[in-house]
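*Asks:* The file below is upload-v6.txt, compact mmCIF, C-alpha atoms:
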# COMPACT_ATOMS: atom_id res chain seq x y z
CA MET A 1 -21.04 39.34 0.37
CA PRO A 2 -20.00 35.71 -0.25
CA ASP A 3 -22.40 32.85 0.48
CA VAL A 4 -20.95 31.84 3.87
CA ASP A 5 -23.38 28.98 4.48
CA GLY A 6 -22.83 27.55 0.99
CA PHE A 7 -19.07 27.64 1.42
CA ASP A 8 -19.25 26.09 4.89
CA GLU A 9 -21.39 23.25 3.57
CA PHE A 10 -19.04 22.74 0.62
CA TYR A 11 -16.01 22.72 2.93
CA ARG A 12 -17.52 20.26 5.42
CA GLY A 13 -18.62 17.96 2.60
CA SER A 14 -15.32 17.87 0.73
CA ARG A 15 -12.43 18.53 3.10
CA GLN A 16 -11.70 14.92 4.07
CA ARG A 17 -11.76 13.66 0.47
CA LEU A 18 -9.43 16.42 -0.66
CA LEU A 19 -7.06 15.95 2.24
CA GLY A 20 -6.92 12.21 1.56
CA PHE A 21 -6.22 12.85 -2.12
CA VAL A 22 -3.42 15.36 -1.53
CA TYR A 23 -1.97 13.18 1.24
CA ALA A 24 -1.78 10.30 -1.23
CA LEU A 25 0.03 12.58 -3.69
CA THR A 26 2.53 13.97 -1.21
CA GLY A 27 2.88 11.24 1.39
CA ASN A 28 3.22 13.95 4.00
CA LEU A 29 0.20 14.86 6.13
CA ALA A 30 1.48 18.30 7.14
CA GLU A 31 2.25 19.25 3.53
CA ALA A 32 -1.15 17.94 2.43
CA GLN A 33 -2.91 19.94 5.14
CA ASP A 34 -1.06 23.11 4.14
CA ALA A 35 -1.83 22.67 0.44
CA VAL A 36 -5.50 21.90 1.05
CA GLN A 37 -5.85 24.83 3.45
CA GLU A 38 -4.31 27.20 0.90
CA ALA A 39 -6.62 25.84 -1.82
CA TYR A 40 -9.69 26.45 0.33
CA ILE A 41 -8.50 29.97 1.10
CA ARG A 42 -8.25 30.64 -2.63
CA ALA A 43 -11.67 29.10 -3.18
CA TRP A 44 -13.18 31.34 -0.48
CA GLN A 45 -11.59 34.43 -2.04
CA ARG A 46 -13.24 33.51 -5.37
CA TRP A 47 -16.33 31.78 -3.99
CA SER A 48 -18.77 33.88 -6.00
CA THR A 49 -17.14 32.45 -9.16
CA VAL A 50 -16.09 29.00 -7.93
CA SER A 51 -19.53 28.22 -6.49
CA GLY A 52 -21.00 28.60 -9.97
CA TYR A 53 -18.78 25.88 -11.46
CA ASP A 54 -20.28 22.49 -12.27
CA ASP A 55 -17.82 20.89 -9.86
CA PRO A 56 -16.25 23.34 -7.36
CA GLU A 57 -14.49 20.43 -5.64
CA ALA A 58 -12.59 19.67 -8.85
CA TRP A 59 -11.36 23.28 -8.92
CA VAL A 60 -10.13 23.07 -5.32
CA ARG A 61 -8.58 19.65 -5.99
CA VAL A 62 -6.60 20.97 -8.97
CA VAL A 63 -5.47 24.04 -7.01
CA ALA A 64 -4.42 21.93 -4.00
CA SER A 65 -2.48 19.45 -6.13
CA ARG A 66 -0.72 22.28 -7.98
CA ILE A 67 0.21 23.92 -4.67
CA ALA A 68 1.59 20.61 -3.38
CA VAL A 69 3.61 20.00 -6.55
CA SER A 70 4.90 23.57 -6.53
CA ARG A 71 6.08 23.23 -2.92
CA TRP A 72 7.74 19.91 -3.72
CA ARG A 73 9.58 21.45 -6.67
CA SER A 74 10.66 24.38 -4.53
CA LEU A 75 12.05 22.07 -1.84
CA ARG A 76 13.81 19.97 -4.47
CA SER A 77 15.39 23.09 -6.02
CA ARG A 78 16.47 24.32 -2.60
CA ALA A 79 18.07 20.96 -1.78
CA ARG A 80 19.95 20.99 -5.09
CA ALA A 81 21.19 24.51 -4.39
CA TYR A 82 22.44 23.44 -0.95
CA LEU A 83 24.30 20.53 -2.48
CA ARG A 84 25.75 22.71 -5.22
CA HIS A 85 27.13 25.14 -2.65
CA GLY A 86 28.37 22.47 -0.26
CA VAL A 87 25.81 23.13 2.43
CA THR A 88 24.62 19.97 4.10
CA THR A 89 21.38 19.60 5.96
CA GLU A 90 20.39 17.05 8.54
CA SER A 91 18.75 14.07 6.97
CA VAL A 92 15.02 13.92 7.30
CA PRO A 93 13.81 10.88 9.19
CA GLY A 94 11.79 8.34 7.24
CA PRO A 95 8.05 8.10 7.58
CA GLY A 96 6.88 7.31 11.08
CA THR A 97 4.94 4.24 12.05
CA GLU A 98 1.69 6.12 11.52
CA THR A 99 2.37 6.44 7.80
CA LEU A 100 0.53 3.84 5.80
CA GLU A 101 2.52 1.44 3.65
CA VAL A 102 0.24 2.26 0.77
CA VAL A 103 1.16 5.94 0.88
CA ALA A 104 4.86 5.07 0.98
CA ALA A 105 4.40 2.82 -2.04
CA LEU A 106 2.35 5.45 -3.88
CA ARG A 107 5.16 7.96 -3.43
CA GLN A 108 7.42 5.70 -5.50
CA LEU A 109 5.10 5.66 -8.49
CA PRO A 110 5.34 8.15 -11.34
CA GLU A 111 3.16 11.22 -10.75
CA GLU A 112 0.74 10.38 -13.57
CA GLN A 113 0.06 6.89 -12.16
CA ARG A 114 -0.19 8.17 -8.60
CA THR A 115 -2.66 10.87 -9.61
CA ALA A 116 -4.80 8.47 -11.65
CA LEU A 117 -4.88 5.94 -8.79
CA ALA A 118 -5.73 8.60 -6.21
CA LEU A 119 -8.53 10.10 -8.30
CA TYR A 120 -9.99 6.72 -9.22
CA TYR A 121 -9.64 4.82 -5.95
CA LEU A 122 -9.54 7.46 -3.24
CA LEU A 123 -12.10 9.83 -4.73
CA GLY A 124 -14.12 7.22 -6.58
CA MET A 125 -14.10 9.10 -9.86
CA PRO A 126 -15.06 7.20 -13.02
CA VAL A 127 -12.32 6.66 -15.61
CA ALA A 128 -13.89 9.23 -17.98
CA GLU A 129 -13.82 11.88 -15.24
CA VAL A 130 -10.20 11.06 -14.36
CA ALA A 131 -9.39 11.47 -18.06
CA ARG A 132 -11.11 14.84 -18.16
CA GLU A 133 -9.39 16.10 -15.01
CA THR A 134 -5.92 14.96 -16.08
CA ALA A 135 -6.40 16.01 -19.73
CA ALA A 136 -5.47 12.51 -20.91
CA PRO A 137 -7.33 10.12 -23.21
CA VAL A 138 -9.43 7.42 -21.52
CA GLY A 139 -7.11 4.70 -22.86
CA THR A 140 -4.12 6.44 -21.31
CA VAL A 141 -5.89 6.66 -17.95
CA LYS A 142 -6.73 2.94 -18.13
CA ALA A 143 -3.08 2.14 -18.89
CA ARG A 144 -1.91 4.34 -15.99
CA LEU A 145 -4.34 2.61 -13.65
CA SER A 146 -3.27 -0.83 -14.81
CA ARG A 147 0.44 -0.08 -14.58
CA GLY A 148 -0.02 1.73 -11.29
CA ARG A 149 -1.94 -1.19 -9.74
CA THR A 150 0.70 -3.66 -10.92
CA ALA A 151 3.55 -1.53 -9.59
CA LEU A 152 1.74 -0.84 -6.33
CA ALA A 153 1.06 -4.55 -5.77
CA GLY A 154 4.73 -5.34 -6.34
CA LEU A 155 5.88 -2.58 -4.01
CA LEU A 156 3.49 -3.67 -1.29
CA ALA A 157 4.73 -7.25 -1.68
CA GLY A 158 8.21 -6.06 -0.74
CA GLY A 159 9.80 -5.38 -4.11
CA ASP A 160 11.35 -2.16 -5.24
CA LEU A 161 10.25 -0.10 -8.23
CA GLU A 162 12.97 -1.44 -10.53
CA GLU A 163 12.02 -5.05 -9.73
CA VAL A 164 8.35 -4.26 -10.33
CA ARG A 165 9.06 -2.75 -13.75
Rewrite the structure from the file as C-alpha cells, please.
*Replies:*
Amino acid sequence: MPDVDGFDEFYRGSRQRLLGFVYALTGNLAEAQDAVQEAYIRAWQRWSTVSGYDDPEAWVRVVASRIAVSRWRSLRSRARAYLRHGVTTESVPGPGTETLEVVAALRQLPEEQRTALALYYLLGMPVAEVARETAAPVGTVKARLSRGRTALAGLLAGGDLEEVR
C-alpha cells in the first residue's frame, strides 16, 4: 500500500510551486492546473518509486511540463489541420484582466529562456540545478537567463519581441 501520509505531505508542500511554474510556462491557469493534476496522478501511481528519488518534486515538475508542452503541440497541430481543411474556429479571446503582464511577456519568450527563468526565479533553483534539470551547460543557462531578463524587461516596457532582440 502506498505511503498516503507521505504523498499528502509532498503534495501540500509542492503543489503551489509547481502550479506557478507550469502557469508561467503555459500562460493559461486552466491548462496549468490540468497538467499539474495529471502529473500528481502519475506520481501517486508510482509513489513507491518516486518517493525514493532524491527530488520527487523535480520528477513531477518534468512530467507536468512535458504534459503541458504535449497538449500545446496537440492544439497547435489541430489548429493547423483545421486551417488546412478550411475549417475556421472562433477566435479565442485574449488574456483577461486577471492575467499578469509578466506571464503574457513570458509567453513571448523562447521556451528555453522561459523555462530557465521560471526555474530560477519562480522556484528559486540555483543555476547549477537549472542546468542539471534542463540538461544544458551552466554557461548556457546563464546566457538564457541573461537574454531572457533583457527580453522580458523590454517586453514589459511596452516593446515587442522583435524590438527587444
*Asks:* Between A:Leu19, A:Ser65, A:Trp47, A:Gln37, which has the minimum distance to Glu111 (chain A) (counting only C-alpha atoms)?
*Replies:*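 The closest residue to Glu111 (chain A) is A:Ser65.
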*Asks:* Write out as number ranges by chain the residues lying within 7 Å of Ala64 (chain A), counting only C-alpha atoms and excluding same-chain residues fewer than 5 positions away.
*Replies:* A: 35-36, 39
*Asks:* Could you check how far CA of Trp44 (chain A) sits from CA of Val4 (chain A), in Å to one decimal?
*Replies:*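 Here the two named atoms are 8.9 Å from each other.
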*Asks:* So which one's closest to Asp34 (chain A), A:Ile67, A:Gly52, A:Ala104, A:Tyr11? Using all atoms listed in the file, please.
*Replies:*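 For Asp34 (chain A), the nearest of the candidates is A:Ile67.
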*Asks:* Could you check the closest approach to Pro126 (chain A) for each of A:Arg15, A:Arg114, A:Arg42, A:Lys142 and tell me which residue wins, using all atoms listed in the file?
*Replies:*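 Counting all atoms listed in the file, the residue closest to Pro126 (chain A) is A:Lys142.
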*Asks:* Which residue out of A:Ala131, A:Ala32, A:Val102, A:Leu119 has the minimum interatomic distance to Ala143 (chain A) when all atoms listed in the file are used?
*Replies:* A:Ala131
*Asks:* Find the residue from A:Val50, A:Ala68, A:Leu117, A:Arg144 that sits nearest to Ala30 (chain A); use only C-alpha atoms when measuring.
*Replies:*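 For Ala30 (chain A), the nearest of the given residues is A:Ala68.
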